[in-house]
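*Asks:* Structure supplied as my_file37.cif; contents: mmCIF, C-alpha atoms.
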```cif
data_data
#
loop_
_atom_site.label_atom_id
_atom_site.label_comp_id
_atom_site.auth_asym_id
_atom_site.auth_seq_id
_atom_site.Cartn_x
_atom_site.Cartn_y
_atom_site.Cartn_z
CA MET A 173 0.76 -26.70 -8.61
CA GLU A 174 4.30 -27.65 -9.56
CA LEU A 175 6.85 -27.00 -6.85
CA LEU A 176 9.01 -24.86 -9.15
CA ILE A 177 6.10 -22.58 -10.04
CA LEU A 178 5.08 -22.36 -6.39
CA LEU A 179 8.61 -21.34 -5.36
CA SER A 180 8.92 -18.80 -8.20
CA LEU A 181 5.64 -17.20 -7.17
CA ILE A 182 6.78 -17.05 -3.54
CA ALA A 183 10.03 -15.40 -4.69
CA LEU A 184 8.12 -12.88 -6.82
CA GLY A 185 5.86 -12.08 -3.88
CA ALA A 186 8.86 -11.69 -1.60
CA GLY A 187 10.49 -9.17 -3.95
CA ALA A 188 7.31 -7.10 -4.08
CA GLY A 189 6.84 -7.43 -0.31
CA ILE A 190 10.30 -6.01 0.37
CA MET A 191 9.61 -3.08 -1.97
CA GLY A 192 6.28 -2.41 -0.33
CA ALA A 193 7.74 -2.37 3.17
CA LEU A 194 10.86 -0.39 2.31
CA PHE A 195 9.38 2.24 0.02
CA GLY A 196 5.61 2.11 0.47
CA LEU A 197 5.18 1.03 -3.16
CA GLY A 198 2.75 -1.74 -4.04
CA GLY A 199 4.96 -3.15 -6.75
CA GLY A 200 2.12 -3.67 -9.25
CA VAL A 201 4.34 -2.16 -11.95
CA ILE A 202 6.65 -5.16 -11.55
CA PHE A 203 4.08 -7.78 -10.50
CA VAL A 204 1.73 -7.46 -13.47
CA PRO A 205 4.27 -7.67 -16.34
CA VAL A 206 6.15 -10.56 -14.65
CA LEU A 207 2.93 -12.53 -14.10
CA MET A 208 1.96 -11.94 -17.71
CA LEU A 209 5.34 -12.59 -19.32
CA CYS A 210 6.69 -15.40 -17.11
CA PHE A 211 3.49 -17.13 -16.03
CA GLY A 212 1.36 -16.50 -19.10
CA MET A 213 -1.48 -14.84 -17.22
CA ALA A 214 -4.08 -12.61 -18.86
CA PRO A 215 -3.93 -8.90 -17.81
CA ALA A 216 -7.02 -9.12 -15.54
CA GLU A 217 -5.81 -12.34 -13.87
CA ALA A 218 -2.38 -10.79 -13.29
CA ALA A 219 -3.91 -7.62 -11.86
CA ALA A 220 -6.07 -9.71 -9.49
CA VAL A 221 -3.12 -11.74 -8.15
CA SER A 222 -1.04 -8.57 -7.91
CA LEU A 223 -3.68 -6.83 -5.77
CA VAL A 224 -3.86 -9.76 -3.34
CA GLY A 225 -0.05 -9.77 -3.10
CA ILE A 226 -0.13 -6.04 -2.33
CA VAL A 227 -2.70 -6.61 0.45
CA ALA A 228 -0.58 -9.41 1.97
CA GLY A 229 2.59 -7.30 1.84
CA SER A 230 0.86 -4.26 3.28
CA VAL A 231 -0.75 -6.22 6.13
CA GLY A 232 2.60 -7.87 6.97
CA ALA A 233 4.48 -4.55 6.93
CA SER A 234 1.77 -2.61 8.78
CA SER A 235 1.63 -5.19 11.56
CA VAL A 236 5.15 -3.96 12.41
CA PHE A 237 5.04 -0.30 11.32
CA VAL A 238 1.80 0.57 13.12
CA GLU A 239 3.04 -0.94 16.37
CA LYS A 240 6.32 1.00 16.14
CA GLY A 241 4.42 4.23 15.42
CA LEU A 242 6.22 4.61 12.09
CA ALA A 243 3.04 4.29 10.03
CA ASN A 244 0.87 7.29 10.78
CA VAL A 245 -2.61 5.76 10.88
CA ARG A 246 -4.47 9.07 11.20
CA LEU A 247 -2.69 10.74 8.30
CA GLY A 248 -2.99 7.53 6.27
CA LEU A 249 -6.77 7.43 6.73
CA LEU A 250 -7.11 11.12 5.82
CA LEU A 251 -5.14 10.73 2.60
CA GLU A 252 -7.01 7.50 1.87
CA VAL A 253 -10.22 9.55 1.69
CA THR A 254 -8.80 12.09 -0.75
CA THR A 255 -7.06 9.41 -2.85
CA THR A 256 -10.31 7.46 -3.16
CA VAL A 257 -12.19 10.58 -4.24
CA GLY A 258 -9.53 11.01 -6.93
CA ALA A 259 -9.71 7.36 -7.95
CA ILE A 260 -13.48 7.54 -8.43
CA ALA A 261 -13.15 10.79 -10.41
CA GLY A 262 -10.40 9.17 -12.47
CA ALA A 263 -12.53 6.14 -13.28
CA LEU A 264 -15.33 8.43 -14.46
CA ILE A 265 -13.20 10.55 -16.78
CA ALA A 266 -10.71 7.88 -17.89
CA GLY A 267 -12.64 7.19 -21.10
CA PHE A 268 -12.19 10.77 -22.27
CA LEU A 269 -8.42 10.84 -22.08
CA GLU A 270 -5.71 8.89 -23.87
CA GLU A 271 -3.91 6.48 -21.54
CA TRP A 272 -0.49 7.22 -23.01
CA ILE A 273 -0.82 10.92 -22.18
CA LEU A 274 -1.72 10.08 -18.56
CA SER A 275 1.18 7.63 -18.33
CA LEU A 276 3.56 10.31 -19.57
CA VAL A 277 2.21 12.76 -16.96
CA PHE A 278 2.71 10.05 -14.34
CA CYS A 279 6.32 9.51 -15.48
CA ALA A 280 7.02 13.23 -15.45
CA VAL A 281 5.72 13.50 -11.85
CA MET A 282 7.82 10.51 -10.75
CA ILE A 283 11.01 11.80 -12.36
CA TYR A 284 10.45 15.31 -10.99
CA SER A 285 9.87 13.91 -7.47
CA ALA A 286 12.96 11.71 -7.72
CA ILE A 287 15.16 14.63 -8.78
CA ARG A 288 13.83 16.82 -5.97
CA MET A 289 14.42 14.08 -3.44
CA ILE A 290 18.00 13.64 -4.63
CA MET A 291 18.77 17.37 -4.83
CA SER A 292 17.08 18.80 -1.74
CA PRO A 293 17.67 17.62 1.83
CA GLU A 294 14.71 16.48 3.92
CA LYS A 295 12.85 19.26 5.75
CA VAL A 296 10.97 18.26 8.90
CA ILE A 297 9.07 20.84 10.97
CA GLU A 298 9.13 20.28 14.74
CA PRO A 299 5.77 20.70 16.47
CA ASN A 300 5.39 24.00 18.35
CA GLY A 301 4.34 22.23 21.53
CA ASN A 302 0.63 22.98 21.33
CA GLY A 303 -0.16 19.30 20.84
CA GLY A 304 -2.03 20.11 17.62
CA ARG A 305 -4.02 17.69 15.54
CA MET A 306 -1.19 17.32 13.05
CA SER A 307 1.70 16.72 15.51
CA PHE A 308 3.14 13.21 15.59
CA GLU A 309 6.25 11.37 16.69
CA TYR A 310 8.04 8.07 16.30
CA LYS A 311 11.29 6.51 17.45
CA ASP A 312 13.99 6.14 14.80
CA GLU A 313 15.62 2.79 15.47
CA GLU A 314 18.64 3.63 13.32
CA ASN A 315 19.97 6.03 15.98
CA GLY A 316 17.45 5.63 18.83
CA GLU A 317 16.22 9.24 18.51
CA ASN A 318 12.62 10.32 18.99
CA ILE A 319 11.52 12.20 15.88
CA SER A 320 8.66 14.69 16.28
CA TYR A 321 7.05 16.28 13.27
CA GLU A 322 4.17 18.53 12.44
CA VAL A 323 2.44 17.73 9.15
CA GLN A 324 2.46 20.84 6.94
CA ASN A 325 0.35 21.97 3.97
CA VAL A 326 -2.46 19.53 4.73
CA LYS A 327 -4.78 21.12 2.15
CA GLU A 328 -2.20 21.09 -0.65
CA GLY A 329 -1.15 17.53 0.22
CA SER A 330 -4.74 16.32 0.23
CA ILE A 331 -5.40 17.91 -3.18
CA ALA A 332 -2.20 16.34 -4.53
CA CYS A 333 -3.50 12.97 -3.31
CA VAL A 334 -6.73 13.51 -5.27
CA PHE A 335 -4.52 13.75 -8.38
CA ALA A 336 -2.50 10.71 -7.25
CA GLY A 337 -5.74 8.73 -6.97
CA MET A 338 -6.91 9.97 -10.39
CA LEU A 339 -3.65 9.10 -12.10
CA SER A 340 -3.43 5.68 -10.52
CA SER A 341 -6.99 4.68 -11.33
CA MET A 342 -6.57 5.90 -14.92
CA THR A 343 -3.17 4.30 -15.56
CA GLY A 344 -3.42 1.22 -13.33
CA VAL A 345 -0.17 2.13 -11.60
CA GLY A 346 -0.40 2.27 -7.81
CA GLY A 347 -0.51 5.59 -6.03
CA GLY A 348 2.41 4.96 -3.65
CA ALA A 349 4.87 6.42 -6.15
CA ILE A 350 3.13 9.78 -5.86
CA LYS A 351 1.82 9.62 -2.29
CA VAL A 352 5.25 9.13 -0.70
CA PRO A 353 6.75 12.21 -2.44
CA VAL A 354 3.59 14.20 -1.62
CA MET A 355 3.95 13.35 2.07
CA ASN A 356 7.70 13.89 2.13
CA LEU A 357 8.12 16.92 -0.16
CA ILE A 358 4.84 18.82 0.32
CA MET A 359 3.65 17.78 3.80
CA HIS A 360 7.17 17.49 5.29
CA VAL A 361 6.52 14.06 6.81
CA PRO A 362 9.87 12.33 7.55
CA MET A 363 10.76 9.79 4.84
CA LYS A 364 10.50 6.76 7.11
CA ALA A 365 7.06 7.78 8.35
CA ALA A 366 5.97 8.64 4.79
CA SER A 367 6.97 5.29 3.30
CA SER A 368 5.56 3.32 6.26
CA THR A 369 2.30 5.26 6.11
CA SER A 370 2.10 4.51 2.40
CA SER A 371 2.72 0.78 3.13
CA TYR A 372 -0.27 0.89 5.46
CA MET A 373 -2.45 2.76 2.95
CA ILE A 374 -1.78 0.57 -0.10
CA GLY A 375 -3.42 -2.38 1.73
CA ILE A 376 -6.66 -0.44 2.17
CA THR A 377 -6.56 0.79 -1.43
CA ALA A 378 -5.77 -2.67 -2.85
CA PHE A 379 -8.47 -4.28 -0.68
CA SER A 380 -11.30 -2.79 -2.78
CA GLY A 381 -9.84 -4.08 -6.04
CA ALA A 382 -8.84 -7.46 -4.57
CA ILE A 383 -12.25 -8.17 -3.08
CA THR A 384 -13.94 -7.27 -6.40
CA TYR A 385 -11.78 -9.79 -8.29
CA PHE A 386 -12.25 -12.35 -5.48
CA PHE A 387 -16.04 -12.31 -5.62
CA SER A 388 -16.16 -12.13 -9.42
CA GLY A 389 -14.27 -15.43 -9.54
CA GLN A 390 -11.44 -13.94 -11.64
CA LEU A 391 -8.83 -14.65 -8.97
CA ASP A 392 -6.58 -17.69 -9.41
CA LEU A 393 -6.61 -18.85 -5.78
CA ALA A 394 -3.50 -21.05 -5.93
CA PHE A 395 -1.42 -18.32 -7.59
CA ALA A 396 -2.71 -15.64 -5.22
CA GLY A 397 -2.01 -17.87 -2.20
CA ALA A 398 1.60 -18.51 -3.26
CA VAL A 399 2.27 -14.83 -3.98
CA SER A 400 0.74 -13.87 -0.59
CA ILE A 401 3.05 -16.22 1.32
CA GLY A 402 6.04 -14.62 -0.43
CA ALA A 403 4.74 -11.06 -0.01
CA PHE A 404 4.30 -11.58 3.73
CA LEU A 405 7.83 -13.00 4.16
CA GLY A 406 9.26 -10.19 2.01
CA ALA A 407 7.35 -7.53 3.93
CA ILE A 408 8.61 -8.75 7.29
CA SER A 409 12.24 -8.66 6.07
CA GLY A 410 11.56 -5.28 4.46
CA THR A 411 10.34 -3.78 7.74
CA TYR A 412 13.56 -4.90 9.42
CA LEU A 413 15.66 -3.24 6.70
CA ALA A 414 13.51 -0.08 6.72
CA ARG A 415 13.90 0.38 10.48
CA LYS A 416 17.68 0.06 10.36
CA LEU A 417 18.31 2.12 7.22
CA SER A 418 19.21 5.80 7.52
CA THR A 419 16.66 8.32 6.22
CA LYS A 420 19.21 9.73 3.79
CA HIS A 421 19.84 6.36 2.19
CA LEU A 422 16.15 5.46 2.14
CA ARG A 423 15.37 8.68 0.25
CA LYS A 424 18.16 8.07 -2.23
CA TYR A 425 17.13 4.46 -2.94
CA PHE A 426 13.51 5.52 -3.23
CA SER A 427 14.44 8.10 -5.88
CA VAL A 428 16.30 5.47 -7.89
CA VAL A 429 13.30 3.12 -7.70
CA LEU A 430 11.01 5.96 -8.86
CA ILE A 431 13.18 6.54 -11.92
CA LEU A 432 13.23 2.80 -12.69
CA MET A 433 9.44 2.72 -12.36
CA ALA A 434 9.13 5.66 -14.73
CA ILE A 435 11.28 3.77 -17.26
CA LEU A 436 9.06 0.67 -16.88
CA VAL A 437 5.94 2.74 -17.48
CA LEU A 438 7.57 4.38 -20.53
CA LEU A 439 8.44 0.92 -21.90
CA ARG A 440 4.82 -0.08 -21.44
CA VAL A 441 3.58 3.04 -23.21
CA GLY A 442 6.02 2.32 -26.04
CA GLY A 443 4.53 -1.17 -26.36
CA ILE A 444 7.83 -2.87 -25.45
CA LEU A 445 6.47 -4.41 -22.22
CA MET B 206 -5.17 -1.46 24.69
CA ASN B 207 -4.28 1.66 22.65
CA MET B 208 -5.30 2.16 19.04
CA ASN B 209 -1.99 1.18 17.44
CA LYS B 210 -1.86 -2.04 19.48
CA SER B 211 -5.40 -3.06 18.53
CA ILE B 212 -4.72 -2.36 14.83
CA THR B 213 -1.48 -4.33 15.05
CA TRP B 214 -3.18 -7.35 16.61
CA THR B 215 -6.07 -7.25 14.16
CA LEU B 216 -3.61 -7.32 11.28
CA ARG B 217 -1.50 -10.06 12.87
CA ILE B 218 -4.43 -12.34 13.56
CA GLY B 219 -5.79 -11.76 10.03
CA ILE B 220 -2.55 -12.53 8.25
CA VAL B 221 -1.40 -15.43 10.44
CA LEU B 222 -4.75 -17.27 10.35
CA GLY B 223 -5.15 -16.45 6.65
CA LEU B 224 -1.68 -17.73 5.79
CA ILE B 225 -2.12 -20.94 7.83
CA LEU B 226 -5.28 -21.71 5.85
CA ILE B 227 -3.54 -20.75 2.57
CA ILE B 228 -0.53 -22.99 3.26
CA ILE B 229 -2.80 -25.95 4.09
CA GLY B 230 -4.83 -25.15 0.96
CA GLU B 231 -1.77 -25.03 -1.31
CA PHE B 232 -0.92 -28.64 -0.46
CA LEU B 233 -4.41 -30.08 -0.86
CA GLU B 234 -6.04 -30.80 -4.18
CA GLU B 235 -7.59 -27.97 -6.19
CA GLY B 236 -10.98 -26.59 -5.22
CA ASN B 237 -10.51 -27.03 -1.45
CA PRO B 238 -12.16 -24.47 0.85
CA PHE B 239 -8.94 -23.69 2.80
CA LEU B 240 -7.46 -21.51 0.03
CA TYR B 241 -10.77 -19.71 -0.50
CA TYR B 242 -11.35 -18.80 3.14
CA GLY B 243 -7.66 -18.16 3.83
CA LEU B 244 -7.50 -15.63 1.01
CA LEU B 245 -10.81 -14.07 1.99
CA LEU B 246 -9.57 -13.58 5.56
CA LEU B 247 -6.27 -12.14 4.36
CA ILE B 248 -7.88 -9.78 1.84
CA ALA B 249 -10.36 -8.55 4.48
CA SER B 250 -7.67 -7.81 7.10
CA PRO B 251 -7.12 -4.16 6.08
CA MET B 252 -10.87 -3.57 6.45
CA PHE B 253 -10.90 -5.14 9.92
CA ALA B 254 -7.91 -2.93 10.79
CA VAL B 255 -9.88 0.18 9.79
CA ILE B 256 -12.68 -1.00 12.11
CA ALA B 257 -10.09 -1.45 14.89
CA ALA B 258 -8.81 2.09 14.19
CA LEU B 259 -12.33 3.49 14.36
CA ILE B 260 -13.05 1.75 17.68
CA GLY B 261 -9.70 2.93 19.07
CA LEU B 262 -10.32 6.55 18.03
CA VAL B 263 -13.84 6.56 19.49
CA ARG B 264 -12.49 5.18 22.76
CA GLU B 265 -9.84 7.94 22.77
CA LYS B 266 -12.69 10.43 22.08
CA ASP B 267 -10.63 11.68 19.14
CA TRP B 268 -13.73 12.70 17.16
CA PHE B 269 -12.12 14.39 14.15
CA TRP B 270 -10.02 11.36 13.31
CA ALA B 271 -12.86 8.97 14.20
CA LEU B 272 -14.99 10.71 11.54
CA ILE B 273 -12.19 10.27 8.98
CA ALA B 274 -11.94 6.55 9.87
CA LEU B 275 -15.72 6.24 9.53
CA ILE B 276 -15.62 7.78 6.04
CA VAL B 277 -12.83 5.38 4.98
CA LEU B 278 -14.81 2.46 6.40
CA ALA B 279 -17.96 3.55 4.55
CA ILE B 280 -16.01 3.76 1.29
CA VAL B 281 -14.31 0.40 1.83
CA ILE B 282 -17.46 -1.46 2.89
CA SER B 283 -19.62 -0.02 0.10
CA GLY B 284 -16.94 -1.14 -2.37
CA ALA B 285 -16.96 -4.65 -0.90
CA VAL B 286 -20.76 -4.87 -0.87
CA LEU B 287 -20.95 -3.70 -4.50
CA ALA B 288 -18.35 -6.34 -5.38
CA ALA B 289 -20.26 -9.11 -3.61
CA LEU B 290 -23.58 -8.29 -5.30
#
```
Written as structure tokens, that's how I'd like the structure from this file.

*Replies:*
Amino acid sequence: MELLILLSLIALGAGAGIMGALFGLGGGVIFVPVLMLCFGMAPAEAAAVSLVGIVAGSVGASSVFVEKGLANVRLGLLLEVTTTVGAIAGALIAGFLEEWILSLVFCAVMIYSAIRMIMSPEKVIEPNGNGGRMSFEYKDEENGENISYEVQNVKEGSIACVFAGMLSSMTGVGGGAIKVPVMNLIMHVPMKAASSTSSYMIGITAFSGAITYFFSGQLDLAFAGAVSIGAFLGAISGTYLARKLSTKHLRKYFSVVLILMAILVLLRVGGIL
Amino acid sequence: MNMNKSITWTLRIGIVLGLILIIIGEFLEEGNPFLYYGLLLLIASPMFAVIAALIGLVREKDWFWALIALIVLAIVISGAVLAAL
């Protein structure tokens, strides 16, 4: 591979890795069009490389977030179950629905979540001291405080994740953009824990797709390798930024990214991308 | 070792070994086994981390969450097996 291409792929991976670690978003919305437009890849090839990049970024970020207690492994696994149920259901009914309608629904959810995150302050419920199954804590490195929280509305959040899984399997856009708002707005998980938990989850979700492409021989190994190196480096820098950033700022930046993502999806629906 | 530590180390070993193989593979000629096995190891890391979580939760006798981890593992492994067939 030419050195210039190798370095561009590493840079692309790094950008996506930072996004994944900071916001819990896989970055497929950016990855896939860039790989297609700038590197001339076919949609399936681009999706395959993108999934491997997402796994690399998620593994890099989780190796820090899980140790620091920011990524909530238990909650992540629970929502992984409901998201997968949704994804399977989505794959089964996708043929009966128009993709552009689903994409518009996806955009509407993203924009609504972004507006709510900008308008309403974060609400975290302190555990009542009973040491319940849904009580967790982590240390916020921005100010050194221990943050305790009790996950609320577990049923509603799990059902919302079923829809997140359905939408993402039907539109091909990752579920992080919905899962983070679900955790933060419905389940009242602090933003830093929500985005870190999502970073952890997207690796498990992307694994299934990545391994399918890997064994089917549709994965360009050299491209995937280069993107993975970048995604790992980006993820490690992203975890550093995420730990130092204040929750308020993280929420605000996340909302802006959600709106940008919605615009990208709209451009795709309109046939411009 | 607690659950978070064992997950962390599983992920670290997976990504570091995977990336070392990938970097070697990138500089050798096409079709070398380093890239293939490096990527396979890296892609499989999240699955190994779920196994580490399951073992950790069983050792902590945290049965509710161990069941959830087992379900995730079943989903993930059945997906991988279907892909390999």

*Asks:* Looking at A:Met289, A:Leu405, A:Val253, A:Ala219, which one is nearest to A:Leu422, with distances taken over all atoms listed in the file?

*Replies:*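 Among the listed residues, A:Met289 lies closest to A:Leu422.
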
*Asks:* Using all atoms listed in the file, I'd like every residue of chain B that has an atom within 9 Å of chain A; please write them out as a ChimeraX atom specification.

*Replies:* /B:209-217,219-220,224,227-228,230-232,235-236,240-241,243-245,247-252,255,258,269-271,273-274,276-277,280-282,284-285,287-290

*Asks:* Where does the PyMOL selection byres ((chain A and resi 270-287) around 8) land in this file, that is, which residues does it pick, as a ChimeraX atom specification?

*Replies:* /A:266-269,288-291,339,342-343,349-350,353,426-428,430-431,434-435,437-438,441

*Asks:* Using the chain letters and numbering of this document, enumerate as a ChimeraX atom specification the residues selected by the PyMOL selection byres ((chain A and resi 186-200) around 7).

*Replies:* /A:182-185,201-204,222,226,229-230,233,345-346,348-349,367-368,370-371,374,402-407,409-411,414,426

*Asks:* Grab the atom CA of A:Leu209 to atom CA of A:Leu175 distance for me, in Å with one decimal place.

*Replies:*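 That distance, rounded to one decimal, is 19.1 Å.
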
*Asks:* Using atom CA of A:Leu391 and atom CA of A:Gly347 as the two end points, give the distance in Å to one decimal.

*Replies:*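 Atom CA of A:Gly347 lies at a distance of 22.1 Å from atom CA of A:Leu391.
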
*Asks:* Rounded to one decimal place, report the atom CA of A:Met355-atom CA of A:Ile319 distance in Å.

*Replies:*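 It comes out at 15.8 Å.
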
*Asks:* Apply the PyMOL selection byres ((chain A and resi 324-335) around 7) to the structure shown and report the selected residues as JSON, numbers by chain.

*Replies:* {"A": [251, 254, 255, 257, 258, 322, 323, 336, 337, 338, 339, 351, 354, 355, 358, 359, 360]}

*Asks:* Please, could N, CA and C atoms be added to stretch 235-257 of chain B and the result written as a PDB file, keeping the file's coordinate frame?

*Replies:*
```pdb
ATOM      1  N   GLU B 235      -6.919 -29.206  -5.770  1.00  0.00           N
ATOM      2  CA  GLU B 235      -7.590 -27.970  -6.190  1.00  0.00           C
ATOM      3  C   GLU B 235      -9.064 -27.938  -5.782  1.00  0.00           C
ATOM      4  N   GLY B 236      -9.559 -26.745  -5.536  1.00  0.00           N
ATOM      5  CA  GLY B 236     -10.980 -26.590  -5.220  1.00  0.00           C
ATOM      6  C   GLY B 236     -11.292 -26.797  -3.744  1.00  0.00           C
ATOM      7  N   ASN B 237     -10.251 -26.849  -2.890  1.00  0.00           N
ATOM      8  CA  ASN B 237     -10.510 -27.030  -1.450  1.00  0.00           C
ATOM      9  C   ASN B 237     -10.883 -25.689  -0.818  1.00  0.00           C
ATOM     10  N   PRO B 238     -11.680 -25.740   0.267  1.00  0.00           N
ATOM     11  CA  PRO B 238     -12.160 -24.470   0.850  1.00  0.00           C
ATOM     12  C   PRO B 238     -11.086 -23.707   1.631  1.00  0.00           C
ATOM     13  N   PHE B 239      -9.966 -24.368   1.989  1.00  0.00           N
ATOM     14  CA  PHE B 239      -8.940 -23.690   2.800  1.00  0.00           C
ATOM     15  C   PHE B 239      -8.383 -22.459   2.093  1.00  0.00           C
ATOM     16  N   LEU B 240      -8.032 -22.628   0.797  1.00  0.00           N
ATOM     17  CA  LEU B 240      -7.460 -21.510   0.030  1.00  0.00           C
ATOM     18  C   LEU B 240      -8.470 -20.364  -0.055  1.00  0.00           C
ATOM     19  N   TYR B 241      -9.720 -20.722  -0.324  1.00  0.00           N
ATOM     20  CA  TYR B 241     -10.770 -19.710  -0.500  1.00  0.00           C
ATOM     21  C   TYR B 241     -10.922 -18.871   0.767  1.00  0.00           C
ATOM     22  N   TYR B 242     -11.114 -19.544   1.896  1.00  0.00           N
ATOM     23  CA  TYR B 242     -11.350 -18.800   3.140  1.00  0.00           C
ATOM     24  C   TYR B 242     -10.075 -18.137   3.665  1.00  0.00           C
ATOM     25  N   GLY B 243      -8.935 -18.770   3.427  1.00  0.00           N
ATOM     26  CA  GLY B 243      -7.660 -18.160   3.830  1.00  0.00           C
ATOM     27  C   GLY B 243      -7.447 -16.841   3.115  1.00  0.00           C
ATOM     28  N   LEU B 244      -7.681 -16.852   1.795  1.00  0.00           N
ATOM     29  CA  LEU B 244      -7.500 -15.630   1.010  1.00  0.00           C
ATOM     30  C   LEU B 244      -8.533 -14.570   1.388  1.00  0.00           C
ATOM     31  N   LEU B 245      -9.758 -15.025   1.621  1.00  0.00           N
ATOM     32  CA  LEU B 245     -10.810 -14.070   1.990  1.00  0.00           C
ATOM     33  C   LEU B 245     -10.442 -13.359   3.307  1.00  0.00           C
ATOM     34  N   LEU B 246      -9.967 -14.150   4.261  1.00  0.00           N
ATOM     35  CA  LEU B 246      -9.570 -13.580   5.560  1.00  0.00           C
ATOM     36  C   LEU B 246      -8.417 -12.589   5.386  1.00  0.00           C
ATOM     37  N   LEU B 247      -7.429 -13.003   4.574  1.00  0.00           N
ATOM     38  CA  LEU B 247      -6.270 -12.140   4.360  1.00  0.00           C
ATOM     39  C   LEU B 247      -6.665 -10.842   3.651  1.00  0.00           C
ATOM     40  N   ILE B 248      -7.471 -10.971   2.603  1.00  0.00           N
ATOM     41  CA  ILE B 248      -7.880  -9.780   1.840  1.00  0.00           C
ATOM     42  C   ILE B 248      -8.683  -8.831   2.739  1.00  0.00           C
ATOM     43  N   ALA B 249      -9.492  -9.398   3.647  1.00  0.00           N
ATOM     44  CA  ALA B 249     -10.360  -8.550   4.480  1.00  0.00           C
ATOM     45  C   ALA B 249      -9.616  -7.901   5.652  1.00  0.00           C
ATOM     46  N   SER B 250      -8.396  -8.355   5.931  1.00  0.00           N
ATOM     47  CA  SER B 250      -7.670  -7.810   7.100  1.00  0.00           C
ATOM     48  C   SER B 250      -7.555  -6.292   7.136  1.00  0.00           C
ATOM     49  N   PRO B 251      -7.205  -5.628   5.991  1.00  0.00           N
ATOM     50  CA  PRO B 251      -7.120  -4.160   6.080  1.00  0.00           C
ATOM     51  C   PRO B 251      -8.444  -3.522   6.500  1.00  0.00           C
ATOM     52  N   MET B 252      -9.574  -4.134   6.077  1.00  0.00           N
ATOM     53  CA  MET B 252     -10.870  -3.570   6.450  1.00  0.00           C
ATOM     54  C   MET B 252     -11.101  -3.743   7.960  1.00  0.00           C
ATOM     55  N   PHE B 253     -10.764  -4.926   8.475  1.00  0.00           N
ATOM     56  CA  PHE B 253     -10.900  -5.140   9.920  1.00  0.00           C
ATOM     57  C   PHE B 253     -10.010  -4.159  10.691  1.00  0.00           C
ATOM     58  N   ALA B 254      -8.833  -3.858  10.111  1.00  0.00           N
ATOM     59  CA  ALA B 254      -7.910  -2.930  10.790  1.00  0.00           C
ATOM     60  C   ALA B 254      -8.491  -1.523  10.820  1.00  0.00           C
ATOM     61  N   VAL B 255      -9.238  -1.143   9.774  1.00  0.00           N
ATOM     62  CA  VAL B 255      -9.880   0.180   9.790  1.00  0.00           C
ATOM     63  C   VAL B 255     -10.964   0.198  10.882  1.00  0.00           C
ATOM     64  N   ILE B 256     -11.671  -0.921  11.040  1.00  0.00           N
ATOM     65  CA  ILE B 256     -12.680  -1.000  12.110  1.00  0.00           C
ATOM     66  C   ILE B 256     -11.984  -0.859  13.473  1.00  0.00           C
ATOM     67  N   ALA B 257     -10.838  -1.550  13.623  1.00  0.00           N
ATOM     68  CA  ALA B 257     -10.090  -1.450  14.890  1.00  0.00           C
ATOM     69  C   ALA B 257      -9.651  -0.011  15.138  1.00  0.00           C
TER      70      ALA B 257
END
```
